[in-house]
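Below: one structure, written as structure tokens.
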Amino acid sequence: MEKKQISEVAKLANLSERLLVYKTMISTSYAFIVWSISFTVAALATWSTIFGPWFPTFVKAFNWVLTAALGSAGVVGMFLMFYIFSRTAPLKAKQLDMKPVARWVFSFVFPYGFAYIVAFLVGIETVISVAWYVALAGTMLHIAALVENEYVKKGLFVARPFFLAGVLMMITSPLVLFTALVRNTATYTIEGVGHWSSEVAYLSANMLALTLMLAIYFVASLYTFFKAEGAMIRHETQSQ
């Protein structure tokens, strides 16, 4: 009887651990969706504003408005993703451990700071407008090294979605930068404004970057979800 009780307790403890892993992985899957949506909404809102009734106001600062919007989206996305993680057991505690917070913030601040410093030194505005994509690739890899690895070591992660996303974004970054460097000028005739010329790369490179980000994050989100499901299925199989 005692052996049976011990076995049941062990199964319950194992189930509890699996549920914790499942919860952590599902929250990670949601985090990728939240991040991609925040960036896409910021970009689309900016473009709709710039090319809307307020065009004469924003036309002279087109690139800077777009860069500011995407930068703001990055900051908002960072806090939203961290909030999602803070709702999971690994970070949820009465006294917040500042180490994960510091690692999380550093993973965003350093790649973005470095990418934009280099972009401004290069001095090509179309490249500056897509620096966020390269910075985001670096952010994903930093999170993989500083945060994700800790989760894997503790058994809270059964996948490496941040590493996957970072590698895929880093591989596709040259394509985005190449698109940003293609110098084609489009001339628009705007009623009440006259003729306005702009590099096509502002739109084409950023649309490509957003498309790649959405596709990669979709893959990372599904990958994380299926790995979480797989962990639960393995537990059920082992319990039978």
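A note on labels: chains of the structure tokens are A, B, ... as shown, every chain counts residues from 1, and ligands are counted from 1 in their shown order.
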
Can you check which residues of stretch 110-219 of chain A DSSP gives as helix (DSSP H, G or I) on the backbone and send them as JSON, numbers by chain?
-> {"A": [110, 111, 112, 113, 114, 115, 116, 117, 118, 119, 120, 121, 122, 125, 126, 127, 128, 129, 131, 132, 133, 134, 135, 136, 137, 138, 139, 140, 141, 142, 143, 144, 145, 146, 147, 148, 149, 150, 151, 152, 153, 161, 162, 163, 164, 165, 166, 167, 168, 169, 170, 171, 172, 173, 174, 175, 176, 177, 178, 179, 180, 181, 201, 202, 203, 204, 205, 206, 207, 208, 209, 210, 211, 212, 213, 214, 215, 216, 217, 218, 219]}

Contact residues around A:Ala180 with only C-alpha atoms at 10 Å, ignoring same-chain residues under 5 positions, as a compact mmCIF listing (two decimals) with N, CA and C atoms, in the first residue's frame:
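Result saved to selection.txt:
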```
# COMPACT_ATOMS: atom_id res chain seq x y z
N ILE A 124 23.11 55.84 -43.92
CA ILE A 124 22.12 55.63 -44.98
C ILE A 124 20.75 55.50 -44.33
N GLU A 125 19.86 56.42 -44.63
CA GLU A 125 18.58 56.47 -43.93
C GLU A 125 17.74 55.22 -44.12
N THR A 126 17.78 54.64 -45.30
CA THR A 126 16.99 53.43 -45.53
C THR A 126 17.51 52.26 -44.68
N VAL A 127 18.80 52.25 -44.42
CA VAL A 127 19.38 51.22 -43.55
C VAL A 127 18.97 51.48 -42.10
N ILE A 128 18.97 52.74 -41.70
CA ILE A 128 18.54 53.10 -40.35
C ILE A 128 17.10 52.64 -40.11
N SER A 129 16.27 52.75 -41.15
CA SER A 129 14.85 52.41 -40.99
C SER A 129 14.62 50.92 -40.75
N VAL A 130 15.59 50.06 -41.13
CA VAL A 130 15.43 48.62 -40.90
C VAL A 130 16.42 48.08 -39.87
N ALA A 131 17.10 48.99 -39.19
CA ALA A 131 18.06 48.55 -38.16
C ALA A 131 17.36 47.77 -37.06
N PRO A 174 20.81 39.86 -43.94
CA PRO A 174 21.45 40.39 -45.15
C PRO A 174 20.47 40.69 -46.28
N LEU A 175 19.42 39.88 -46.39
CA LEU A 175 18.41 40.12 -47.43
C LEU A 175 17.68 41.44 -47.17
N GLU A 199 12.72 57.24 -51.37
CA GLU A 199 13.34 55.96 -51.70
C GLU A 199 12.31 54.84 -51.52
N VAL A 200 12.19 54.00 -52.53
CA VAL A 200 11.27 52.87 -52.45
C VAL A 200 11.65 51.93 -51.32
N ALA A 201 12.94 51.90 -50.99
CA ALA A 201 13.45 50.98 -49.97
C ALA A 201 12.83 51.20 -48.60
N TYR A 202 12.39 52.44 -48.32
CA TYR A 202 11.73 52.68 -47.03
C TYR A 202 10.57 51.71 -46.84
N LEU A 203 9.77 51.60 -47.88
CA LEU A 203 8.59 50.75 -47.81
C LEU A 203 8.93 49.29 -48.07
N SER A 204 9.68 49.02 -49.14
CA SER A 204 9.95 47.63 -49.52
C SER A 204 10.77 46.89 -48.47
N ALA A 205 11.81 47.53 -47.95
CA ALA A 205 12.67 46.87 -46.97
C ALA A 205 11.94 46.62 -45.66
N ASN A 206 11.15 47.59 -45.23
CA ASN A 206 10.42 47.42 -43.98
C ASN A 206 9.27 46.42 -44.12
N LEU A 208 9.35 43.88 -46.14
CA LEU A 208 10.04 42.59 -46.16
C LEU A 208 10.43 42.17 -44.74
N ALA A 209 10.96 43.12 -43.98
CA ALA A 209 11.37 42.82 -42.60
C ALA A 209 10.17 42.40 -41.75
```

Across A:Val134, A:Ala220, A:Ala115, A:Ala159, the smallest distance to A:Val176, with only C-alpha atoms counted, is shown by A:Val134

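If you look at atom CA of A:Thr139 and atom CA of A:Val182, they are 25.9 Å away from each other.
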
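Compared by their closest atoms to A:Ala42, and using only C-alpha atoms, the residues A:Ile143, A:Leu70, A:Met169, A:Ala137 rank with A:Leu70 nearest.
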
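Coordinates place atom CA of A:His142 at a distance of 5.1 Å from atom CA of A:Ser107.
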
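In this comparison, which uses only C-alpha atoms, the residue of A:Ile26, A:Lys99, A:Thr185, A:Tyr116 approaching A:Ala68 most closely is A:Tyr116.
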
Here atom CA of A:Phe106 and atom CA of A:Tyr30 stand apart by 21.6 Å

Could you pull out the residues in stretch 117-218 of chain A that DSSP calls strand (DSSP E) from the backbone, as a ChimeraX atom specification?
-> /A:185-190,194-199

Create the file for the chosen residues now, containing N, CA and C atoms and written as a compact mmCIF listing (two decimals), in the first residue's frame.
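Done, and the output landed in out.txt:
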```
# COMPACT_ATOMS: atom_id res chain seq x y z
N THR A 185 14.13 55.53 -56.61
CA THR A 185 13.34 56.67 -56.13
C THR A 185 11.98 56.69 -56.80
N ALA A 186 10.96 56.84 -55.99
CA ALA A 186 9.59 56.95 -56.50
C ALA A 186 9.10 58.38 -56.28
N THR A 187 8.44 58.93 -57.27
CA THR A 187 7.91 60.29 -57.17
C THR A 187 6.39 60.22 -57.10
N TYR A 188 5.85 60.84 -56.05
CA TYR A 188 4.41 60.84 -55.84
C TYR A 188 3.86 62.25 -56.08
N THR A 189 2.66 62.29 -56.61
CA THR A 189 1.97 63.57 -56.76
C THR A 189 0.85 63.63 -55.73
N ILE A 190 1.02 64.48 -54.75
CA ILE A 190 0.07 64.58 -53.64
C ILE A 190 -0.70 65.89 -53.76
N GLY A 194 1.98 68.69 -53.76
CA GLY A 194 2.79 68.74 -54.97
C GLY A 194 3.52 67.42 -55.16
N HIS A 195 4.70 67.49 -55.70
CA HIS A 195 5.48 66.29 -55.95
C HIS A 195 6.35 65.95 -54.73
N TRP A 196 6.39 64.68 -54.43
CA TRP A 196 7.20 64.22 -53.31
C TRP A 196 7.95 62.97 -53.73
N SER A 197 9.25 62.98 -53.53
CA SER A 197 10.08 61.84 -53.91
C SER A 197 10.58 61.12 -52.67
N SER A 198 10.66 59.82 -52.76
CA SER A 198 11.13 59.03 -51.63
C SER A 198 11.77 57.75 -52.14
N GLU A 199 12.72 57.24 -51.37
CA GLU A 199 13.34 55.96 -51.70
C GLU A 199 12.31 54.84 -51.52
```

Distance criterion (only C-alpha atoms): nearest to A:Val167 out of A:Trp132, A:Tyr217, A:Phe225, A:Trp47 | A:Tyr217
